$ cat model.txt   # compact mmCIF, C-alpha atoms
# COMPACT_ATOMS: atom_id res chain seq x y z
CA SER A 1 0.00 0.00 0.00
CA ALA A 2 1.00 3.65 -0.32
CA HIS A 3 1.54 3.70 3.44
CA HIS A 4 4.32 1.11 3.17
CA GLN A 5 6.08 2.48 0.04
CA LYS A 6 9.79 3.02 0.34
CA ILE A 7 12.43 4.10 -2.17
CA PHE A 8 15.53 1.99 -2.70
CA TYR A 9 18.55 3.03 -4.78
CA PRO A 10 21.12 0.77 -6.47
CA GLY A 11 23.41 -0.65 -3.78
CA ASP A 12 20.87 -0.35 -0.96
CA THR A 13 20.11 -3.41 1.19
CA ILE A 14 16.60 -4.67 1.80
CA PRO A 15 15.56 -6.48 5.02
CA ILE A 16 13.48 -9.57 4.22
CA ASP A 17 10.76 -10.53 6.73
CA SER A 18 8.09 -13.15 6.10
CA ALA A 19 6.42 -11.66 3.02
CA ASP A 20 7.45 -11.32 -0.62
CA ILE A 21 8.72 -7.91 -1.66
CA TYR A 22 7.82 -6.45 -5.04
CA LEU A 23 10.07 -3.72 -6.45
CA VAL A 24 8.74 -1.38 -9.11
CA ALA A 25 11.22 0.49 -11.33
CA GLN A 26 10.84 4.26 -11.25
CA PHE A 27 12.12 6.41 -14.14
CA GLU A 28 13.05 10.06 -14.20
CA GLN A 29 13.35 11.82 -17.53
CA LYS A 30 16.67 13.52 -18.14
CA PRO A 31 16.06 17.01 -19.47
CA PHE A 32 18.72 17.63 -22.16
CA THR A 33 19.29 16.31 -25.70
CA VAL A 34 21.93 16.56 -28.45
CA THR A 35 20.69 16.98 -32.02
CA TYR A 36 22.90 16.75 -35.12
CA ASN A 37 22.09 18.95 -38.12
CA ALA A 38 23.30 18.08 -41.66
CA ASN A 39 23.64 21.82 -42.41
CA GLY A 40 23.13 21.67 -46.17
CA ALA A 41 24.53 18.21 -46.95
CA THR A 42 23.46 16.89 -50.35
CA THR A 43 24.41 13.29 -49.57
CA GLY A 44 24.92 11.11 -46.53
CA VAL A 45 22.99 10.26 -43.36
CA ILE A 46 22.91 12.40 -40.22
CA PRO A 47 23.73 10.66 -36.91
CA VAL A 48 20.94 10.47 -34.36
CA ASP A 49 21.49 10.61 -30.58
CA MET A 50 18.49 9.04 -28.83
CA CYS A 51 19.81 9.66 -25.31
CA PHE A 52 18.70 12.16 -22.66
CA TYR A 53 21.32 13.81 -20.47
CA GLU A 54 21.47 15.45 -17.07
CA HIS A 55 23.12 18.81 -16.47
CA GLY A 56 26.90 18.38 -16.40
CA GLU A 57 26.91 14.93 -18.02
CA LEU A 58 29.64 14.07 -20.54
CA VAL A 59 28.45 13.52 -24.11
CA THR A 60 30.68 11.75 -26.65
CA ILE A 61 30.43 13.52 -30.00
CA ALA A 62 29.22 11.33 -32.87
CA TYR A 63 31.32 10.24 -35.84
CA ASN A 64 30.36 11.03 -39.43
CA THR A 65 29.50 7.40 -40.09
CA GLY A 66 26.88 8.41 -42.67
CA ASN A 67 29.46 10.18 -44.90
CA LEU A 68 27.80 13.61 -44.94
CA ALA A 69 29.03 15.72 -47.86
CA ILE A 70 28.07 18.61 -50.13
CA ILE A 71 28.54 17.73 -53.81
CA ASN A 72 29.19 20.26 -56.58
CA VAL A 73 28.20 23.63 -55.19
CA ASN A 74 29.64 26.36 -57.43
CA GLY A 75 32.19 23.92 -58.83
CA THR A 76 33.47 22.50 -55.56
CA SER A 77 32.50 19.57 -53.35
CA PHE A 78 32.89 19.64 -49.59
CA CYS A 79 33.63 16.87 -47.11
CA PHE A 80 32.71 16.79 -43.44
CA ASN A 81 35.25 18.45 -41.13
CA HIS A 82 33.77 18.85 -37.62
CA TRP A 83 30.64 19.69 -35.62
CA ASN A 84 29.94 23.26 -34.54
CA THR A 85 27.41 24.94 -32.26
CA MET A 86 26.69 27.53 -34.99
CA PRO A 87 25.59 26.93 -38.61
CA ASP A 88 28.29 29.28 -39.94
CA SER A 89 31.03 27.46 -37.94
CA SER A 90 31.62 30.51 -35.74
CA GLY A 91 30.73 28.70 -32.51
CA ASN A 92 32.39 26.01 -30.43
CA ARG A 93 34.08 23.33 -32.52
CA TYR A 94 33.85 19.62 -31.71
CA TYR A 95 35.54 16.76 -33.53
CA SER A 96 34.17 13.23 -33.62
CA GLY A 97 35.06 11.44 -30.40
CA ASP A 98 35.43 14.66 -28.39
CA THR A 99 33.41 15.07 -25.19
CA LEU A 100 30.95 17.86 -24.39
CA VAL A 101 29.86 18.80 -20.85
CA ILE A 102 26.18 19.41 -21.47
CA GLN A 103 24.63 22.51 -19.93
CA GLU A 104 21.48 22.64 -22.06
CA SER A 105 19.90 20.92 -25.05
CA THR A 106 22.37 21.41 -27.89
CA VAL A 107 22.25 21.41 -31.69
CA LEU A 108 25.51 20.57 -33.45
CA TYR A 109 25.85 21.60 -37.09
CA ALA A 110 28.04 19.80 -39.62
CA SER A 111 30.92 21.94 -40.85
CA TYR A 112 32.61 21.24 -44.18
CA ARG A 113 35.80 21.96 -46.12
CA PRO A 114 36.68 21.40 -49.80
CA TYR A 115 37.65 17.86 -50.80
CA GLN A 116 41.29 17.16 -51.50
CA VAL A 117 43.27 14.12 -52.54
CA GLY A 118 43.62 11.82 -49.55
CA ASP A 119 40.15 12.42 -48.12
CA THR A 120 37.49 9.78 -47.61
CA GLY A 121 35.02 10.12 -50.48
CA PRO A 122 31.22 10.38 -50.30
CA LYS A 123 30.91 6.59 -50.58
CA GLY A 124 33.66 5.67 -48.15
CA GLY A 125 36.47 5.26 -50.69
CA TYR A 126 39.74 7.15 -51.12
CA VAL A 127 39.82 10.38 -53.16
CA PHE A 128 42.84 9.95 -55.43
CA TYR A 129 42.32 12.61 -58.13
CA ASP A 130 41.05 16.18 -58.42
CA LYS A 131 41.01 17.66 -61.92
CA GLY A 132 40.39 21.15 -60.54
CA LEU A 133 36.94 21.91 -61.96
CA TYR A 134 33.61 20.31 -62.71
CA ASP A 135 32.84 19.30 -66.29
CA ASN A 136 30.97 16.32 -67.70
CA GLY A 137 29.37 15.98 -64.28
CA TRP A 138 32.44 15.23 -62.20
CA ARG A 139 35.63 16.65 -60.70
CA TYR A 140 37.00 13.96 -58.34
CA LEU A 141 37.81 10.25 -58.57
CA GLU A 142 37.21 7.94 -55.61
CA ALA A 143 38.60 4.39 -55.33
CA MET A 144 37.29 1.43 -53.39
CA ARG A 145 39.58 0.49 -50.52
CA THR A 146 39.60 -3.22 -51.38
CA ASP A 147 39.61 -5.34 -54.52
CA ILE A 148 36.16 -6.49 -55.55
CA LEU A 149 37.21 -10.14 -55.77
CA ALA A 150 39.75 -12.15 -53.82
CA GLN A 151 40.93 -13.71 -57.08
CA GLY A 152 41.41 -12.69 -60.69
CA ILE A 153 38.79 -12.34 -63.39
CA MET A 154 38.87 -12.21 -67.20
CA TRP A 155 38.59 -8.98 -69.18
CA GLU A 156 36.51 -10.99 -71.69
CA GLN A 157 35.56 -14.60 -72.01
CA GLN A 158 36.40 -16.04 -75.42
CA LEU A 159 33.51 -16.96 -77.71
CA GLN A 160 35.67 -19.82 -78.95
CA PRO A 161 39.38 -20.45 -78.48
CA GLY A 162 41.13 -17.37 -79.84
CA GLN A 163 37.90 -15.54 -80.70
CA TYR A 164 37.21 -12.16 -79.01
CA ARG A 165 34.97 -9.17 -79.69
CA GLN A 166 36.09 -5.62 -80.34
CA THR A 167 34.46 -3.11 -77.94
CA ASN A 168 36.09 0.17 -79.08
CA ALA A 169 36.77 1.00 -75.41
CA THR A 170 40.23 2.19 -76.43
CA ASP A 171 40.50 5.51 -74.54
CA THR A 172 43.40 5.40 -72.07
CA THR A 173 43.06 8.88 -70.54
CA ILE A 174 41.99 10.04 -67.07
CA GLY A 175 38.21 10.36 -67.11
CA ALA A 176 37.67 7.64 -69.73
CA GLY A 177 37.02 4.66 -67.47
CA PHE A 178 33.30 5.28 -67.07
CA VAL A 179 32.62 5.50 -70.82
CA ASN A 180 34.96 2.58 -71.53
CA THR A 181 33.01 0.44 -69.06
CA LEU A 182 29.70 1.35 -70.73
CA ARG A 183 31.08 0.52 -74.17
CA ILE A 184 32.39 -2.84 -73.00
CA ILE A 185 29.04 -3.79 -71.50
CA GLN A 186 27.14 -2.65 -74.61
CA VAL A 187 29.13 -5.17 -76.66
CA LEU A 188 29.65 -8.01 -74.17
CA SER A 189 26.30 -7.69 -72.32
CA SER A 190 26.05 -9.24 -68.84
CA GLY A 191 28.50 -11.83 -67.62
CA ASN A 192 31.30 -12.71 -65.24
CA TYR A 193 34.00 -10.37 -66.54
CA ALA A 194 35.91 -7.36 -65.19
CA ALA A 195 33.92 -4.35 -66.45
CA TYR A 196 30.52 -5.88 -65.73
CA VAL A 197 31.45 -6.95 -62.19
CA CYS A 198 32.73 -3.43 -61.43
CA SER A 199 29.58 -1.81 -62.81
CA THR A 200 27.19 -4.01 -60.84
CA ILE A 201 28.89 -3.83 -57.45
CA GLU A 202 27.03 -1.76 -54.87
CA GLN A 203 28.91 -0.19 -51.97
CA SER A 204 27.66 2.49 -49.57
CA ASN A 205 24.42 2.78 -51.60
CA ALA A 206 26.38 3.65 -54.74
CA ASN A 207 26.01 1.66 -57.95
CA ASP A 208 28.08 3.93 -60.21
CA TRP A 209 31.45 2.18 -59.85
CA PHE A 210 33.44 1.28 -62.97
CA LEU A 211 36.68 -0.26 -64.21
CA PRO A 212 39.43 2.41 -64.43
CA SER A 213 41.09 3.37 -67.70
CA LYS A 214 44.83 2.75 -68.26
CA ASP A 215 45.83 6.20 -66.94
CA GLU A 216 43.33 6.04 -64.04
CA LEU A 217 44.79 2.66 -63.10
CA ASN A 218 48.26 4.21 -63.05
CA LEU A 219 46.97 6.88 -60.63
CA LEU A 220 45.77 4.07 -58.36
CA TYR A 221 49.25 2.58 -58.51
CA GLN A 222 50.80 5.93 -57.54
CA HIS A 223 48.49 6.12 -54.50
CA LYS A 224 48.44 2.38 -53.72
CA SER A 225 49.99 2.69 -50.25
CA ALA A 226 47.48 5.33 -49.12
CA ILE A 227 44.48 3.57 -50.65
CA GLY A 228 45.58 0.23 -49.26
CA ASN A 229 44.89 -3.47 -49.74
CA PHE A 230 46.50 -3.88 -53.15
CA THR A 231 48.41 -7.01 -54.07
CA THR A 232 51.59 -7.11 -56.16
CA TYR A 233 49.73 -8.90 -58.98
CA ASN A 234 48.37 -7.64 -62.30
CA TYR A 235 45.26 -5.41 -62.45
CA TRP A 236 43.00 -4.90 -65.47
CA SER A 237 42.17 -1.50 -66.91
CA SER A 238 39.10 -0.81 -69.05
CA SER A 239 41.27 0.33 -71.97
CA GLU A 240 41.20 -2.06 -74.91
CA TYR A 241 44.39 -2.40 -76.95
CA SER A 242 43.16 -4.63 -79.77
CA THR A 243 40.37 -7.10 -80.45
CA SER A 244 42.17 -9.74 -78.41
CA LYS A 245 44.18 -7.70 -75.86
CA ALA A 246 43.67 -5.01 -73.18
CA TRP A 247 45.92 -2.89 -70.97
CA TYR A 248 46.88 -4.05 -67.49
CA GLN A 249 49.31 -2.91 -64.79
CA ASN A 250 51.49 -4.88 -62.43
CA PHE A 251 51.16 -3.41 -58.92
CA GLY A 252 54.51 -4.75 -57.81
CA SER A 253 56.67 -3.09 -60.44
CA GLY A 254 54.23 -0.51 -61.85
CA THR A 255 54.79 -1.79 -65.39
CA GLN A 256 51.90 -1.33 -67.83
CA SER A 257 51.52 -3.65 -70.78
CA THR A 258 48.91 -5.54 -72.83
CA GLN A 259 47.77 -9.12 -72.54
CA TYR A 260 45.11 -11.45 -73.90
CA LYS A 261 41.69 -10.68 -72.48
CA ASN A 262 41.06 -14.18 -71.13
CA ASN A 263 43.77 -13.81 -68.47
CA ASN A 264 42.57 -13.66 -64.87
CA TYR A 265 43.77 -10.42 -63.26
CA ARG A 266 42.63 -8.45 -60.21
CA ILE A 267 40.23 -5.51 -60.42
CA ARG A 268 39.71 -2.38 -58.32
CA ALA A 269 36.63 -0.23 -58.99
CA ILE A 270 36.49 3.59 -58.95
CA ARG A 271 33.77 6.23 -59.30
CA GLN A 272 33.40 9.87 -60.27
CA PHE A 273 31.75 12.65 -58.25
$ encode --input "model.txt" --output "structure tokens"
Amino acid sequence: SAHHQKIFYPGDTIPIDSADIYLVAQFEQKPFTVTYNANGATTGVIPVDMCFYEHGELVTIAYNTGNLAIINVNGTSFCFNHWNTMPDSSGNRYYSGDTLVIQESTVLYASYRPYQVGDTGPKGGYVFYDKGLYDNGWRYLEAMRTDILAQGIMWEQQLQPGQYRQTNATDTTIGAGFVNTLRIIQVLSSGNYAAYVCSTIEQSNANDWFLPSKDELNLLYQHKSAIGNFTTYNYWSSSEYSTSKAWYQNFGSGTQSTQYKNNNYRIRAIRQF
């Protein structure tokens, strides 16, 4: 009954007499919250803090696990930099993993800076190229951080021994990998081969990955230590050399050469943004 109610806190001791004791949990709402604001992001997912905090409690600042970013605003894209108590970044600055002593309910706004080579891209890859301006819908190249397959794959499967198809995906330049990949697929259709596997992979809700051109592949080689997880084996490019051969690169020596399309080489996908 209400007459016999008593409050016990964790660690208290309870004397037991001859009757059962029923304990009912009591909850007290904490008054303060932390809200994260994307602050103009055009891609990515904002973190959500579902907790309530008491005055003076320590709050651990969230990480940008949703890859917030601003893509192509006046010719530049911006990656997440830190959280700020003001939308214009003029307030208190907090980096992911920092702690905040909460005094009141707080809104933290994402703050951004321009992308540069070496940043994590919008889809979690490594930004390895910046051409300096937007044209044809892109400015930056982002590479996956791992090979798609743990083993090699053919550039093209032979129709019959020694019989290949010409795809006209011959462009070797930086920026050509996407169109090369489309051209290859238009001719070869679906199948278990390098360009098609790259184009159908989905990572971080992105399905616009492709097989890099010869020169794009060489950029990957130049940044291989920073990107990580490359082998010392051969990697296919999307650049066709002849009806029967395509360009590849050895990631041990850096040598680029051509080889028959039915060889099984590694592949690493990239994307434009």
$ residues_around --input "model.txt" --residues "segment 94-109 of chain A" --least-positions-apart "6" --cutoff "10 Å" --atoms "all atoms listed in the file" --output "PyMOL selection string"
chain A and resi 31-40+52-65+81-88
$ residues_around --input "model.txt" --residues "segment 194-203 of chain A" --least-positions-apart "4" --cutoff "7 Å" --atoms "all atoms listed in the file" --output "NGL selection string"
:A and (153-155 or 181 or 184-185 or 190 or 207-211 or 238 or 267 or 269)
$ residues_around --input "model.txt" --residues "Gln151 of chain A" --least-positions-apart "6" --cutoff "9 Å" --atoms "only C-alpha atoms" --output "CSV table (one decimal) with C-alpha atoms, keeping the file's coordinate frame"
chain,number,residue,atom,x,y,z
A,264,ASN,CA,42.6,-13.7,-64.9
A,265,TYR,CA,43.8,-10.4,-63.3
A,266,ARG,CA,42.6,-8.4,-60.2
A,267,ILE,CA,40.2,-5.5,-60.4
$ atom_distance --input "model.txt" --atom1 "atom CA of Ile7 of chain A" --atom2 "atom CA of Met50 of chain A"
27.8 Å
$ closest_residue --input "model.txt" --among "A:Ser189, A:Ser225, A:Gly75, A:Ala110" --to "Gly91 of chain A" --atoms "all atoms listed in the file"
A:Ala110
$ residues_around --input "model.txt" --residues "Asn74 of chain A" --least-positions-apart "3" --cutoff "10 Å" --atoms "all atoms listed in the file" --output "list in words"
Ile71, Ser77, Leu133 and Tyr134 of chain A
$ atom_distance --input "model.txt" --atom1 "atom CA of Gln166 of chain A" --atom2 "atom CA of Tyr260 of chain A"
12.5 Å
$ closest_residue --input "model.txt" --among "A:Thr42, A:Asn263, A:Thr258, A:Gln249" --to "Pro212 of chain A" --atoms "only C-alpha atoms"
A:Gln249
$ closest_residue --input "model.txt" --among "A:Thr172, A:Asn234, A:Ser242, A:Thr120" --to "Ala143 of chain A" --atoms "only C-alpha atoms"
A:Thr120
$ closest_residue --input "model.txt" --among "A:Gly118, A:Gly137, A:Gly124, A:Gly254" --to "Gly175 of chain A" --atoms "only C-alpha atoms"
A:Gly137
$ closest_residue --input "model.txt" --among "A:Gln157, A:Gln116, A:Ser111, A:Asn192" --to "Phe80 of chain A" --atoms "only C-alpha atoms"
A:Ser111
$ residues_around --input "model.txt" --residues "Gln222 of chain A" --least-positions-apart "5" --cutoff "12 Å" --atoms "all atoms listed in the file" --output "PDB file with C-alpha atoms, in the coordinates of the input"
ATOM      1  CA  PHE A 128      42.840   9.950 -55.430  1.00  0.00           C
ATOM      2  CA  TYR A 129      42.320  12.610 -58.130  1.00  0.00           C
ATOM      3  CA  ASP A 215      45.830   6.200 -66.940  1.00  0.00           C
ATOM      4  CA  GLU A 216      43.330   6.040 -64.040  1.00  0.00           C
ATOM      5  CA  LEU A 217      44.790   2.660 -63.100  1.00  0.00           C
ATOM      6  CA  ILE A 227      44.480   3.570 -50.650  1.00  0.00           C
ATOM      7  CA  GLY A 228      45.580   0.230 -49.260  1.00  0.00           C
ATOM      8  CA  PHE A 230      46.500  -3.880 -53.150  1.00  0.00           C
ATOM      9  CA  GLN A 249      49.310  -2.910 -64.790  1.00  0.00           C
ATOM     10  CA  ASN A 250      51.490  -4.880 -62.430  1.00  0.00           C
ATOM     11  CA  PHE A 251      51.160  -3.410 -58.920  1.00  0.00           C
ATOM     12  CA  GLY A 252      54.510  -4.750 -57.810  1.00  0.00           C
ATOM     13  CA  SER A 253      56.670  -3.090 -60.440  1.00  0.00           C
ATOM     14  CA  GLY A 254      54.230  -0.510 -61.850  1.00  0.00           C
ATOM     15  CA  THR A 255      54.790  -1.790 -65.390  1.00  0.00           C
TER      16      THR A 255
END
$ atom_distance --input "model.txt" --atom1 "atom CA of Pro161 of chain A" --atom2 "atom CA of Thr243 of chain A"
13.5 Å
$ axis_aligned_box --input "model.txt" --around "segment 99-103 of chain A" --padding-each-side "6 Å" --output "AutoDock Vina command-line options"
--center_x 29.0 --center_y 18.8 --center_z -22.6 --size_x 20.8 --size_y 19.4 --size_z 17.3
$ residues_near_point --input "model.txt" --point "(40.1, -9.0, -85.4)" --cutoff "12 Å" --atoms "only C-alpha atoms" --output "PyMOL selection string"
chain A and resi 162-168+241-245
$ closest_residue --input "model.txt" --among "A:Asn262, A:Gln26, A:Asn229, A:Asn218" --to "Tyr126 of chain A" --atoms "only C-alpha atoms"
A:Asn229
$ decode --input "model.txt" --residues "segment 44-73 of chain A" --atoms "C-alpha atoms" --output "short mmCIF file (atom, residue, chain, number, x, y, z; two decimals), in the first residue's frame"
data_model
loop_
_atom_site.label_atom_id
_atom_site.label_comp_id
_atom_site.auth_asym_id
_atom_site.auth_seq_id
_atom_site.Cartn_x
_atom_site.Cartn_y
_atom_site.Cartn_z
CA GLY A 44 24.92 11.11 -46.53
CA VAL A 45 22.99 10.26 -43.36
CA ILE A 46 22.91 12.40 -40.22
CA PRO A 47 23.73 10.66 -36.91
CA VAL A 48 20.94 10.47 -34.36
CA ASP A 49 21.49 10.61 -30.58
CA MET A 50 18.49 9.04 -28.83
CA CYS A 51 19.81 9.66 -25.31
CA PHE A 52 18.70 12.16 -22.66
CA TYR A 53 21.32 13.81 -20.47
CA GLU A 54 21.47 15.45 -17.07
CA HIS A 55 23.12 18.81 -16.47
CA GLY A 56 26.90 18.38 -16.40
CA GLU A 57 26.91 14.93 -18.02
CA LEU A 58 29.64 14.07 -20.54
CA VAL A 59 28.45 13.52 -24.11
CA THR A 60 30.68 11.75 -26.65
CA ILE A 61 30.43 13.52 -30.00
CA ALA A 62 29.22 11.33 -32.87
CA TYR A 63 31.32 10.24 -35.84
CA ASN A 64 30.36 11.03 -39.43
CA THR A 65 29.50 7.40 -40.09
CA GLY A 66 26.88 8.41 -42.67
CA ASN A 67 29.46 10.18 -44.90
CA LEU A 68 27.80 13.61 -44.94
CA ALA A 69 29.03 15.72 -47.86
CA ILE A 70 28.07 18.61 -50.13
CA ILE A 71 28.54 17.73 -53.81
CA ASN A 72 29.19 20.26 -56.58
CA VAL A 73 28.20 23.63 -55.19
#
